[in-house]
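Enquirer: So here's query-v8.tsv, just TSV, C-alpha atoms:
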chain	number	residue	atom	x	y	z
A	23	MET	CA	68.20	22.10	-11.08
A	24	VAL	CA	65.04	20.11	-10.55
A	25	SER	CA	63.89	19.84	-6.96
A	26	ARG	CA	62.22	16.67	-5.76
A	27	PHE	CA	59.14	18.67	-4.72
A	28	ASP	CA	58.58	19.71	-8.32
A	29	GLN	CA	58.52	16.08	-9.35
A	30	ARG	CA	55.81	15.34	-6.80
A	31	GLY	CA	53.57	18.14	-8.04
A	32	GLN	CA	50.58	15.88	-8.98
A	33	ALA	CA	50.83	13.28	-6.23
A	34	ALA	CA	47.73	14.42	-4.27
A	35	THR	CA	45.58	14.59	-7.44
A	36	LEU	CA	46.59	11.12	-8.52
A	37	GLU	CA	45.88	9.80	-5.05
A	38	ALA	CA	42.42	11.41	-5.07
A	39	ILE	CA	41.61	9.89	-8.47
A	40	VAL	CA	42.60	6.45	-7.24
A	41	ALA	CA	40.48	6.90	-4.09
A	42	ALA	CA	37.48	8.03	-6.15
A	43	LEU	CA	37.87	5.04	-8.46
A	44	ILE	CA	37.86	2.68	-5.47
A	45	LEU	CA	34.67	4.31	-4.14
A	46	LEU	CA	32.89	4.17	-7.50
A	47	SER	CA	33.90	0.60	-8.22
A	48	SER	CA	32.56	-0.48	-4.81
A	49	VAL	CA	29.20	1.13	-5.76
A	50	VAL	CA	29.22	-0.67	-9.11
A	51	PHE	CA	30.04	-3.91	-7.30
A	52	ALA	CA	27.11	-3.37	-4.92
A	53	LEU	CA	24.80	-2.68	-7.90
A	54	GLN	CA	25.60	-6.09	-9.36
A	55	MET	CA	24.16	-7.77	-6.26
A	56	THR	CA	20.67	-6.33	-6.65
A	57	ALA	CA	18.45	-7.76	-9.34
A	58	VAL	CA	16.13	-4.76	-9.46
A	59	THR	CA	17.30	-1.20	-9.32
A	60	PRO	CA	15.44	1.98	-10.14
A	61	LEU	CA	17.36	1.99	-13.40
A	62	SER	CA	16.36	-1.45	-14.67
A	63	ALA	CA	13.39	-1.40	-17.03
A	64	SER	CA	10.66	-3.75	-15.83
A	65	THR	CA	6.91	-4.01	-15.57
A	66	SER	CA	7.17	-6.46	-12.71
A	67	SER	CA	5.14	-5.91	-9.60
A	68	GLN	CA	3.94	-8.80	-7.50
A	69	HIS	CA	0.69	-7.01	-6.67
A	70	ILE	CA	-0.14	-6.32	-10.30
A	71	GLU	CA	0.73	-9.88	-11.31
A	72	ASN	CA	-1.62	-11.15	-8.58
A	73	GLN	CA	-4.41	-8.91	-9.86
A	74	LEU	CA	-3.89	-9.99	-13.48
A	75	GLU	CA	-3.88	-13.66	-12.53
A	76	ALA	CA	-7.05	-13.35	-10.46
A	77	SER	CA	-8.70	-11.37	-13.27
A	78	ALA	CA	-7.85	-14.07	-15.79
A	79	GLU	CA	-9.17	-16.78	-13.46
A	80	GLY	CA	-12.37	-14.84	-12.85
A	81	LEU	CA	-12.83	-14.20	-16.56
A	82	LEU	CA	-12.51	-17.90	-17.36
A	83	ALA	CA	-14.85	-18.88	-14.50
A	84	THR	CA	-17.55	-16.48	-15.67
A	85	ALA	CA	-17.12	-17.48	-19.32
A	86	VAL	CA	-17.49	-21.16	-18.42
A	87	GLU	CA	-20.51	-20.41	-16.26
A	88	ASP	CA	-22.49	-18.52	-18.90
A	89	GLY	CA	-21.38	-20.89	-21.70
A	90	SER	CA	-19.77	-18.15	-23.79
A	91	LEU	CA	-16.35	-19.85	-23.73
A	92	LYS	CA	-17.69	-23.12	-25.15
A	93	ARG	CA	-19.66	-21.25	-27.81
A	94	ALA	CA	-16.55	-19.26	-28.77
A	95	LEU	CA	-14.48	-22.47	-29.03
A	96	LEU	CA	-17.05	-24.04	-31.35
A	97	PHE	CA	-17.47	-20.87	-33.46
A	98	TYR	CA	-15.41	-22.68	-36.09
A	99	ASN	CA	-15.55	-23.04	-39.83
A	100	ASN	CA	-14.80	-26.73	-40.48
A	101	SER	CA	-14.52	-26.34	-44.27
A	102	THR	CA	-11.81	-23.63	-44.17
A	103	ASN	CA	-10.34	-24.96	-40.90
A	104	VAL	CA	-10.18	-21.63	-39.06
A	105	PHE	CA	-12.22	-19.92	-36.37
A	106	VAL	CA	-14.89	-17.82	-38.04
A	107	GLY	CA	-13.36	-14.45	-38.90
A	108	ALA	CA	-9.82	-15.54	-37.96
A	109	ASP	CA	-6.78	-16.84	-39.83
A	110	ASN	CA	-4.65	-19.95	-39.21
A	111	ASP	CA	-3.08	-18.44	-36.11
A	112	GLY	CA	-6.42	-17.58	-34.47
A	113	TYR	CA	-7.73	-14.08	-33.97
A	114	ASN	CA	-5.02	-11.40	-33.99
A	115	ALA	CA	-6.22	-7.86	-34.37
A	116	ARG	CA	-9.32	-7.96	-32.24
A	117	PRO	CA	-11.05	-10.55	-30.07
A	118	PRO	CA	-13.73	-12.80	-31.61
A	119	ASN	CA	-17.04	-11.26	-32.51
A	120	ASN	CA	-19.14	-12.93	-29.80
A	121	THR	CA	-19.95	-12.68	-26.09
A	122	PHE	CA	-16.60	-14.11	-24.99
A	123	GLY	CA	-14.77	-11.63	-27.20
A	124	GLU	CA	-16.78	-8.74	-25.77
A	125	THR	CA	-15.90	-9.82	-22.25
A	126	LEU	CA	-12.22	-10.08	-23.19
A	127	SER	CA	-12.18	-6.68	-24.74
A	128	TRP	CA	-13.99	-5.16	-21.75
A	129	ALA	CA	-11.73	-6.87	-19.20
A	130	PHE	CA	-8.33	-6.52	-20.88
A	131	ASP	CA	-8.18	-4.44	-24.07
A	132	ASP	CA	-9.78	-1.41	-22.42
A	133	ARG	CA	-7.12	-1.48	-19.70
A	134	GLY	CA	-4.00	-1.85	-21.83
A	135	ILE	CA	-3.49	-5.52	-21.00
A	136	ALA	CA	-2.33	-7.98	-23.66
A	137	TYR	CA	-3.28	-11.63	-23.69
A	138	ASN	CA	-2.95	-14.88	-25.63
A	139	ILE	CA	-5.46	-17.69	-25.50
A	140	TYR	CA	-4.30	-21.23	-26.25
A	141	VAL	CA	-6.58	-24.22	-26.74
A	142	GLU	CA	-5.17	-27.68	-26.00
A	143	TYR	CA	-6.82	-31.08	-26.34
A	144	SER	CA	-5.84	-34.72	-26.42
A	145	GLY	CA	-5.44	-36.53	-29.73
A	146	SER	CA	-3.31	-36.13	-32.81
A	147	ASN	CA	-3.39	-32.35	-33.04
A	148	THR	CA	-2.12	-30.96	-29.79
A	149	GLY	CA	-3.46	-27.44	-29.81
A	150	ARG	CA	-4.44	-24.20	-31.49
A	151	ASN	CA	-4.31	-20.50	-30.72
A	152	LEU	CA	-7.72	-18.98	-30.22
A	153	TYR	CA	-6.23	-15.52	-29.88
A	154	TYR	CA	-2.60	-14.61	-30.42
A	155	ARG	CA	-1.20	-11.19	-29.68
A	156	GLY	CA	2.52	-12.03	-29.64
A	157	GLU	CA	5.24	-13.34	-27.39
A	158	PRO	CA	4.35	-12.75	-23.72
A	159	SER	CA	6.67	-10.65	-21.59
A	160	ASP	CA	8.76	-12.06	-18.74
A	161	ASN	CA	6.13	-10.96	-16.24
A	162	ALA	CA	3.16	-12.72	-17.85
A	163	VAL	CA	0.80	-14.83	-15.74
A	164	ALA	CA	-1.49	-17.65	-16.81
A	165	ALA	CA	-4.85	-19.11	-15.84
A	166	THR	CA	-6.41	-22.29	-17.17
A	167	THR	CA	-9.75	-24.01	-17.21
A	168	THR	CA	-11.03	-27.28	-18.62
A	169	LEU	CA	-14.13	-27.88	-20.71
A	170	VAL	CA	-15.85	-31.13	-21.61
A	171	VAL	CA	-17.14	-31.42	-25.20
A	172	MET	CA	-19.67	-34.19	-25.85
A	173	ASP	CA	-20.43	-35.85	-29.19
A	174	GLU	CA	-23.83	-34.19	-29.44
A	175	THR	CA	-22.57	-30.68	-28.55
A	176	PRO	CA	-23.60	-28.44	-31.45
A	177	MET	CA	-21.31	-26.15	-33.43
A	178	TYR	CA	-22.13	-22.43	-33.19
A	179	HIS	CA	-22.64	-19.53	-35.58
A	180	HIS	CA	-24.32	-16.14	-35.78
A	181	ALA	CA	-27.96	-16.69	-36.79
A	182	ASP	CA	-29.22	-13.24	-35.79
A	183	ASP	CA	-27.82	-9.85	-34.77
A	184	ASP	CA	-27.89	-10.12	-30.98
A	185	GLY	CA	-24.13	-10.83	-30.64
A	186	VAL	CA	-24.75	-14.16	-28.92
A	187	LEU	CA	-23.90	-17.29	-30.91
A	188	GLU	CA	-26.65	-19.74	-31.83
A	189	PRO	CA	-26.24	-23.52	-32.25
A	190	ARG	CA	-25.88	-24.87	-35.78
A	191	SER	CA	-27.89	-27.80	-37.06
A	192	TYR	CA	-24.90	-30.17	-36.86
A	193	THR	CA	-22.82	-31.40	-33.92
A	194	VAL	CA	-19.08	-31.50	-33.27
A	195	SER	CA	-18.91	-35.23	-34.03
A	196	GLN	CA	-20.35	-34.54	-37.49
A	197	ALA	CA	-18.24	-31.44	-38.20
A	198	LEU	CA	-14.84	-31.72	-36.58
A	199	PRO	CA	-13.31	-35.25	-36.91
A	200	ASN	CA	-12.00	-34.55	-40.45
A	201	SER	CA	-10.75	-31.05	-39.64
A	202	SER	CA	-7.40	-30.09	-38.11
A	203	TYR	CA	-9.17	-28.89	-34.97
A	204	ILE	CA	-10.33	-30.96	-31.98
A	205	PRO	CA	-10.30	-34.72	-32.80
A	206	ASP	CA	-12.69	-37.31	-31.37
A	207	ALA	CA	-10.72	-38.68	-28.44
A	208	SER	CA	-13.21	-41.16	-27.07
A	209	PRO	CA	-15.32	-43.96	-28.60
A	210	GLY	CA	-18.20	-43.18	-26.22
A	211	THR	CA	-20.43	-40.14	-26.03
A	212	LEU	CA	-17.52	-38.00	-24.81
A	213	TYR	CA	-15.90	-36.11	-27.68
A	214	ASN	CA	-12.81	-34.55	-26.11
A	215	ILE	CA	-11.60	-32.55	-23.14
A	216	VAL	CA	-10.36	-29.10	-23.96
A	217	ARG	CA	-7.95	-27.09	-21.83
A	218	VAL	CA	-8.08	-23.34	-22.33
A	219	GLU	CA	-5.12	-21.27	-21.16
A	220	VAL	CA	-5.12	-17.50	-20.94
A	221	VAL	CA	-1.74	-15.78	-20.67
A	222	VAL	CA	-1.95	-12.16	-19.57
A	223	TRP	CA	0.69	-9.45	-19.36
A	224	ARG	CA	0.96	-5.70	-19.19
A	225	ILE	CA	2.13	-3.75	-22.20
B	20	MET	CA	60.15	25.51	-5.52
B	21	ARG	CA	56.98	23.93	-4.06
B	22	GLY	CA	54.72	26.22	-6.03
B	23	GLN	CA	52.34	23.47	-7.30
B	24	THR	CA	51.64	21.74	-4.00
B	25	THR	CA	48.70	23.93	-2.90
B	26	LEU	CA	46.97	23.66	-6.27
B	27	ASP	CA	47.59	19.95	-6.31
B	28	PHE	CA	46.04	19.51	-2.89
B	29	ALA	CA	42.97	21.62	-3.83
B	30	THR	CA	42.32	19.58	-7.00
B	31	GLY	CA	42.82	16.28	-5.23
B	32	ALA	CA	40.60	17.11	-2.27
B	33	SER	CA	37.75	18.43	-4.43
B	34	LEU	CA	37.87	15.42	-6.75
B	35	PHE	CA	37.68	13.09	-3.79
B	36	LEU	CA	34.84	15.07	-2.15
B	37	LEU	CA	32.88	15.03	-5.43
B	38	ALA	CA	33.18	11.26	-5.57
B	39	VAL	CA	32.05	10.90	-1.95
B	40	LEU	CA	29.05	13.19	-2.53
B	41	PHE	CA	28.04	11.25	-5.63
B	42	VAL	CA	28.14	7.95	-3.74
B	43	PHE	CA	26.06	9.34	-0.87
B	44	ALA	CA	23.47	10.73	-3.29
B	45	PHE	CA	23.30	7.56	-5.38
B	46	VAL	CA	23.20	4.74	-2.85
B	47	PRO	CA	19.77	5.53	-1.26
B	48	GLY	CA	18.23	5.30	-4.72
B	49	ILE	CA	19.56	1.76	-5.13
B	50	LEU	CA	17.80	0.70	-1.96
B	51	SER	CA	14.44	2.37	-2.65
B	52	PRO	CA	12.80	-0.70	-4.32
B	53	PHE	CA	13.30	-2.58	-1.05
B	54	THR	CA	11.84	-0.01	1.32
B	55	ALA	CA	8.32	-0.94	2.32
B	56	THR	CA	5.51	1.11	0.80
B	57	ALA	CA	1.93	0.27	1.78
B	58	GLN	CA	2.83	-3.36	2.37
B	59	GLU	CA	0.00	-3.91	4.82
B	60	GLU	CA	-2.60	-2.39	2.50
B	61	THR	CA	-1.34	-4.44	-0.44
B	62	VAL	CA	-1.78	-7.71	1.38
B	63	THR	CA	-5.09	-6.69	2.93
B	64	ALA	CA	-6.64	-5.64	-0.37
B	65	ASN	CA	-5.58	-8.82	-2.12
B	66	ARG	CA	-6.68	-11.05	0.73
B	67	ALA	CA	-10.02	-9.29	1.15
B	68	ALA	CA	-10.76	-9.64	-2.56
B	69	ASP	CA	-9.86	-13.34	-2.45
B	70	VAL	CA	-11.99	-13.97	0.64
B	71	LEU	CA	-14.96	-12.19	-0.95
B	72	THR	CA	-14.81	-13.86	-4.36
B	73	LYS	CA	-13.76	-17.35	-3.31
B	74	ASP	CA	-15.29	-17.86	0.12
B	75	LEU	CA	-17.82	-15.45	1.60
B	76	LEU	CA	-19.96	-14.75	-1.46
B	77	ALA	CA	-19.31	-17.86	-3.57
B	78	SER	CA	-20.07	-21.53	-3.10
B	79	PRO	CA	-17.16	-23.90	-2.54
B	80	GLY	CA	-15.68	-24.95	-5.88
B	81	GLU	CA	-17.42	-22.10	-7.67
B	82	SER	CA	-14.95	-19.29	-7.19
B	83	TYR	CA	-15.82	-15.92	-8.76
B	84	LEU	CA	-19.51	-16.85	-9.16
B	85	LEU	CA	-21.13	-14.62	-6.57
B	86	ASP	CA	-24.49	-15.01	-4.93
B	87	GLY	CA	-26.45	-11.82	-5.62
B	88	GLU	CA	-28.45	-11.85	-2.44
B	89	CYS	CA	-25.52	-12.37	-0.05
B	90	THR	CA	-23.54	-9.69	-1.90
B	91	ALA	CA	-26.43	-7.30	-1.34
B	92	VAL	CA	-26.69	-8.31	2.31
B	93	LEU	CA	-22.98	-7.67	2.84
B	94	LEU	CA	-22.82	-4.39	0.95
B	95	GLY	CA	-26.15	-3.18	2.31
B	96	GLY	CA	-25.07	-3.77	5.89
B	97	LEU	CA	-27.98	-6.15	6.51
B	98	VAL	CA	-28.11	-9.45	8.38
B	99	ASP	CA	-28.98	-12.81	6.86
B	100	PRO	CA	-28.08	-16.05	8.67
B	101	GLY	CA	-28.08	-17.83	5.30
B	102	CYS	CA	-24.89	-16.04	4.26
B	103	ASP	CA	-21.43	-17.16	5.34
B	104	PHE	CA	-20.22	-14.05	7.13
B	105	ARG	CA	-20.61	-13.24	10.82
B	106	GLY	CA	-20.27	-9.98	12.68
B	107	SER	CA	-22.01	-6.68	12.18
B	108	THR	CA	-19.52	-4.27	10.60
B	109	LEU	CA	-17.88	-4.64	7.22
B	110	ASN	CA	-14.42	-4.87	8.78
B	111	ALA	CA	-15.54	-7.58	11.21
B	112	ARG	CA	-17.15	-9.61	8.43
B	113	LEU	CA	-13.96	-9.51	6.39
B	114	GLY	CA	-11.70	-10.00	9.40
B	115	ILE	CA	-9.85	-6.74	8.86
B	116	ALA	CA	-8.51	-4.60	11.71
B	117	ASP	CA	-10.53	-1.50	12.51
B	118	GLU	CA	-7.54	0.75	11.80
B	119	GLN	CA	-7.86	0.04	8.10
B	120	SER	CA	-10.52	1.49	5.85
B	121	ILE	CA	-11.96	-0.46	2.97
B	122	ASN	CA	-14.25	0.31	0.06
B	123	ILE	CA	-15.94	-2.39	-2.02
B	124	THR	CA	-17.61	-1.53	-5.31
B	125	VAL	CA	-19.21	-3.85	-7.86
B	126	ARG	CA	-19.38	-2.47	-11.40
B	127	GLY	CA	-20.59	-3.93	-14.62
B	128	SER	CA	-23.69	-3.73	-16.69
B	129	PRO	CA	-26.46	-6.31	-16.84
B	130	GLY	CA	-26.24	-8.13	-20.15
B	131	ALA	CA	-23.08	-6.70	-21.65
B	132	GLY	CA	-19.86	-5.70	-19.92
B	133	GLY	CA	-19.84	-2.09	-18.79
B	134	ASP	CA	-18.47	-0.05	-15.94
B	135	GLU	CA	-21.57	1.26	-14.25
B	136	LEU	CA	-22.41	0.77	-10.60
B	137	LEU	CA	-24.72	-2.19	-10.06
B	138	CYS	CA	-27.73	-2.40	-7.78
B	139	TRP	CA	-29.70	-5.24	-6.17
B	140	ASN	CA	-33.43	-4.82	-6.66
B	141	THR	CA	-34.92	-6.27	-3.48
B	142	THR	CA	-38.39	-6.66	-5.01
B	143	THR	CA	-37.48	-8.65	-8.10
B	144	GLN	CA	-34.28	-10.13	-6.53
B	145	THR	CA	-32.24	-9.27	-9.62
B	146	ILE	CA	-29.17	-7.26	-10.52
B	147	VAL	CA	-30.03	-3.97	-12.23
B	148	ASN	CA	-28.24	-0.80	-13.24
B	149	ALA	CA	-27.89	1.71	-10.40
B	150	SER	CA	-28.20	4.71	-12.72
B	151	SER	CA	-31.82	3.94	-13.54
B	152	SER	CA	-33.86	5.27	-10.62
B	153	ALA	CA	-36.96	3.48	-11.91
B	154	ARG	CA	-35.35	0.09	-11.41
B	155	CYS	CA	-33.06	0.93	-8.50
B	156	SER	CA	-35.04	2.79	-5.86
B	157	VAL	CA	-32.93	4.94	-3.54
B	158	SER	CA	-34.93	3.96	-0.46
B	159	THR	CA	-35.50	0.22	-0.82
B	160	ASP	CA	-32.87	-1.19	-3.18
B	161	ILE	CA	-29.20	-1.77	-2.43
B	162	ARG	CA	-26.39	-0.13	-4.38
B	163	LEU	CA	-23.46	-2.52	-4.50
B	164	THR	CA	-20.86	-0.27	-2.94
B	165	ARG	CA	-19.89	0.15	0.67
B	166	GLU	CA	-17.18	1.67	2.81
B	167	THR	CA	-15.98	1.02	6.33
B	168	ASP	CA	-18.62	2.43	8.67
B	169	SER	CA	-16.30	4.74	10.63
B	170	LEU	CA	-13.59	5.84	8.24
B	171	ALA	CA	-10.14	5.86	9.77
B	172	ARG	CA	-7.49	8.48	9.10
B	173	SER	CA	-6.45	8.70	5.48
B	174	SER	CA	-2.93	7.56	4.81
B	175	GLY	CA	-0.93	8.35	1.72
B	176	SER	CA	-1.52	5.32	-0.43
B	177	VAL	CA	-4.62	3.50	-1.55
B	178	ILE	CA	-4.21	-0.06	-2.84
B	179	THR	CA	-6.80	-1.51	-5.22
B	180	ALA	CA	-7.49	-5.18	-5.91
B	181	ARG	CA	-9.71	-6.08	-8.89
B	182	ARG	CA	-11.57	-9.28	-9.58
B	183	ILE	CA	-13.73	-10.27	-12.52
B	184	VAL	CA	-16.82	-12.06	-11.22
B	185	ALA	CA	-20.24	-13.20	-12.30
B	186	ILE	CA	-22.91	-11.93	-9.96
B	187	ASP	CA	-26.20	-13.73	-10.56
B	188	GLY	CA	-24.99	-14.44	-14.09
B	189	HIS	CA	-23.94	-10.86	-14.88
B	190	THR	CA	-20.28	-10.27	-15.60
B	191	ALA	CA	-18.91	-7.54	-13.35
B	192	THR	CA	-15.76	-6.29	-11.68
B	193	MET	CA	-15.37	-6.14	-7.93
B	194	GLU	CA	-12.94	-3.48	-6.77
B	195	VAL	CA	-11.58	-3.55	-3.24
B	196	ARG	CA	-9.77	-0.41	-2.08
B	197	VAL	CA	-7.83	-0.40	1.16
B	198	TRP	CA	-6.15	2.57	2.81
Could the structure of this file be written out as structure tokens, please?
Expert:
Amino acid sequence: MVSRFDQRGQAATLEAIVAALILLSSVVFALQMTAVTPLSASTSSQHIENQLEASAEGLLATAVEDGSLKRALLFYNNSTNVFVGADNDGYNARPPNNTFGETLSWAFDDRGIAYNIYVEYSGSNTGRNLYYRGEPSDNAVAATTTLVVMDETPMYHHADDDGVLEPRSYTVSQALPNSSYIPDASPGTLYNIVRVEVVVWRI
Amino acid sequence: MRGQTTLDFATGASLFLLAVLFVFAFVPGILSPFTATAQEETVTANRAADVLTKDLLASPGESYLLDGECTAVLLGGLVDPGCDFRGSTLNARLGIADEQSINITVRGSPGAGGDELLCWNTTTQTIVNASSSARCSVSTDIRLTRETDSLARSSGSVITARRIVAIDGHTATMEVRVW
């Protein structure tokens, strides 16, 4: 004879499992509401993004002020159509061998920060990479500056060993119009206006 | 005939208690990203660095290009009516409450980028390297680092804000620490 109590032998265990499942699923449901949990992998931090953005802005401001950014932009080989020492996609492995590159490497490379530098200008060719390290992460920040290039601005190269670029004997309006780099955008003495964008992210 | 009931109740109760304990241990961890840690210091450090590099030590429209003399006046604790800041203490000049402590340090290296402490030579009015005692005299020249005059209690966390600046044409970093 089978008693009815024997048939209910696992009732409390089953009930406890159901109760535990309800508890756990409510926790999982609550987890879905939060975008960031301790378990989600992310390098995002508003403070660090602020610092990176201000660093990039400061770097551009100082490079414009001492002229190293303009010299680095015009450190260009117009017969092979690449930046000197770079390939078609700009510099990749290390920053350019000039004052601007040294500042970049001191400000970012030494601190484990990755960056891309894009050059944009008006005219038929829309832009080039000066330095390309790869696809930025979701938490990248950007800073931009604008430079005016005149017709009589010289091109630059290394004439001696001091690390600072020296002007060449020819100007941008003689060297660049037939290249795939910055075109002459204006009939007057203005050559073009160049926008330099630095995108910075932690790696 | 009810031989299994006690065992059944023990298993069920312990399973349920385990689940409750797990939830209680796990939920505080979910909320930890939202609990405030050093919020005040974070904002203060960032704001102080912005005020220094965009307003007090730089000309309007020339952010991050610092005036060497005013930087030396601020970090040397001197007074110069030609500079933009008022007040006598570092905290008052930056508009920071006295309860917070702040440290400002300018590092770089004249000529190339480096990480050495910089110094304002008051005789030649130029930026030099602080490690060279010939060019940066301990008694008369100003090392570009300063802390709050009366240091407040130390709290757990120190927040640092960094800026890349040009000080009299020399590329340098300005670090602002707040605690």
Enquirer: Pick the closest to chain B from A:Leu212, A:Ala129, A:Leu187, A:Ala115: which is it, counting only C-alpha atoms?
Expert: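 Of A:Leu212, A:Ala129, A:Leu187, A:Ala115, the one nearest chain B, counting only C-alpha atoms, is A:Ala129.
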Enquirer: Restricting the calculation to all atoms listed in the file, which member of B:Val157, B:Ile183, B:Cys89, B:Leu94 is positioned closest to chain A?
Expert: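 Of the candidates, the smallest distance to chain A is held by B:Ile183.
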Enquirer: Between atom CA of A:Glu174 and atom CA of A:Tyr213, what is the distance, to one decimal in Å?
Expert: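 Going from atom CA of A:Glu174 over to atom CA of A:Tyr213, I get 8.3 Å.
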Enquirer: Mind checking which residues fall within 10 Å of A:Ala162, counting only C-alpha atoms, ignoring those fewer than 4 positions away in the same chain, and posting them as a PyMOL selection string?
Expert: chain A and resi 65-66+71+74-75+136-137+157-158+221-224
Enquirer: Which residue out of A:Phe122, A:Arg116, A:Val220, A:Ser101 has the minimum interatomic distance to chain B when all atoms listed in the file are used?
Expert: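 Smallest distance to chain B is found for A:Phe122.
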Enquirer: Work out how far atom CA of B:Leu113 is from atom CA of B:Val177, in Å to one decimal.
Expert: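 Pair atom CA of B:Val177 / atom CA of B:Leu113 returns 17.9 Å.
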Enquirer: Please list as JSON, numbers by chain every residue within 8 Å of A:Leu46, counting all atoms listed in the file and excluding residues in the same chain fewer than 3 positions away.
Expert: {"A": [42, 43, 49, 50], "B": [38, 42]}
Enquirer: Quote the spacing between atom CA of B:Cys138 and atom CA of B:Arg126 in Å to one decimal place.
Expert: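 Computing it gives 9.1 Å between the two atoms.
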Enquirer: For chain A, which residue out of B:Arg182, B:Arg105, B:Arg112, B:Arg162 is the nearest one, using all atoms listed in the file?
Expert: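 Closest residue, counting all atoms listed in the file: B:Arg182.
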Enquirer: Smallest atom-to-atom distance to B:Gly95: which of B:Ser150, B:Thr145, B:Thr25, B:Thr159, using all atoms listed in the file?
Expert: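 Residue with the minimum atom-to-atom distance to B:Gly95: B:Thr159.
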Enquirer: Distance cut-off 9 Å, counting all atoms listed in the file - which residues of chain B neighbour chain A? Return them as a ChimeraX atom specification.
Expert: /B:20-24,26-39,41-42,45-46,48-52,61-62,65,69,72,81-84,131-134,180-185,188-190,192
Enquirer: Near A:Tyr178, counting all atoms listed in the file, which residues have an atom at most 10 Å away, once you skip same-chain residues fewer than 6 positions from it, shown as a tab-separated table (two decimals) with C-alpha atoms, keeping the file's coordinate frame?
Expert:
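Once everything was written out, this is around_34.tsv:
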chain	number	residue	atom	x	y	z
A	92	LYS	CA	-17.69	-23.12	-25.15
A	93	ARG	CA	-19.66	-21.25	-27.81
A	94	ALA	CA	-16.55	-19.26	-28.77
A	95	LEU	CA	-14.48	-22.47	-29.03
A	96	LEU	CA	-17.05	-24.04	-31.35
A	97	PHE	CA	-17.47	-20.87	-33.46
A	98	TYR	CA	-15.41	-22.68	-36.09
A	99	ASN	CA	-15.55	-23.04	-39.83
A	106	VAL	CA	-14.89	-17.82	-38.04
A	186	VAL	CA	-24.75	-14.16	-28.92
A	187	LEU	CA	-23.90	-17.29	-30.91
A	188	GLU	CA	-26.65	-19.74	-31.83
A	189	PRO	CA	-26.24	-23.52	-32.25
A	190	ARG	CA	-25.88	-24.87	-35.78
A	191	SER	CA	-27.89	-27.80	-37.06
A	192	TYR	CA	-24.90	-30.17	-36.86
A	193	THR	CA	-22.82	-31.40	-33.92
A	194	VAL	CA	-19.08	-31.50	-33.27
Enquirer: Of the candidates B:Ala64, B:Val197, B:Gly175, B:Arg154, which shows the shortest atom-to-atom distance to B:Glu118, using only C-alpha atoms?
Expert: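 Using only C-alpha atoms, the shortest distance to B:Glu118 belongs to B:Val197.
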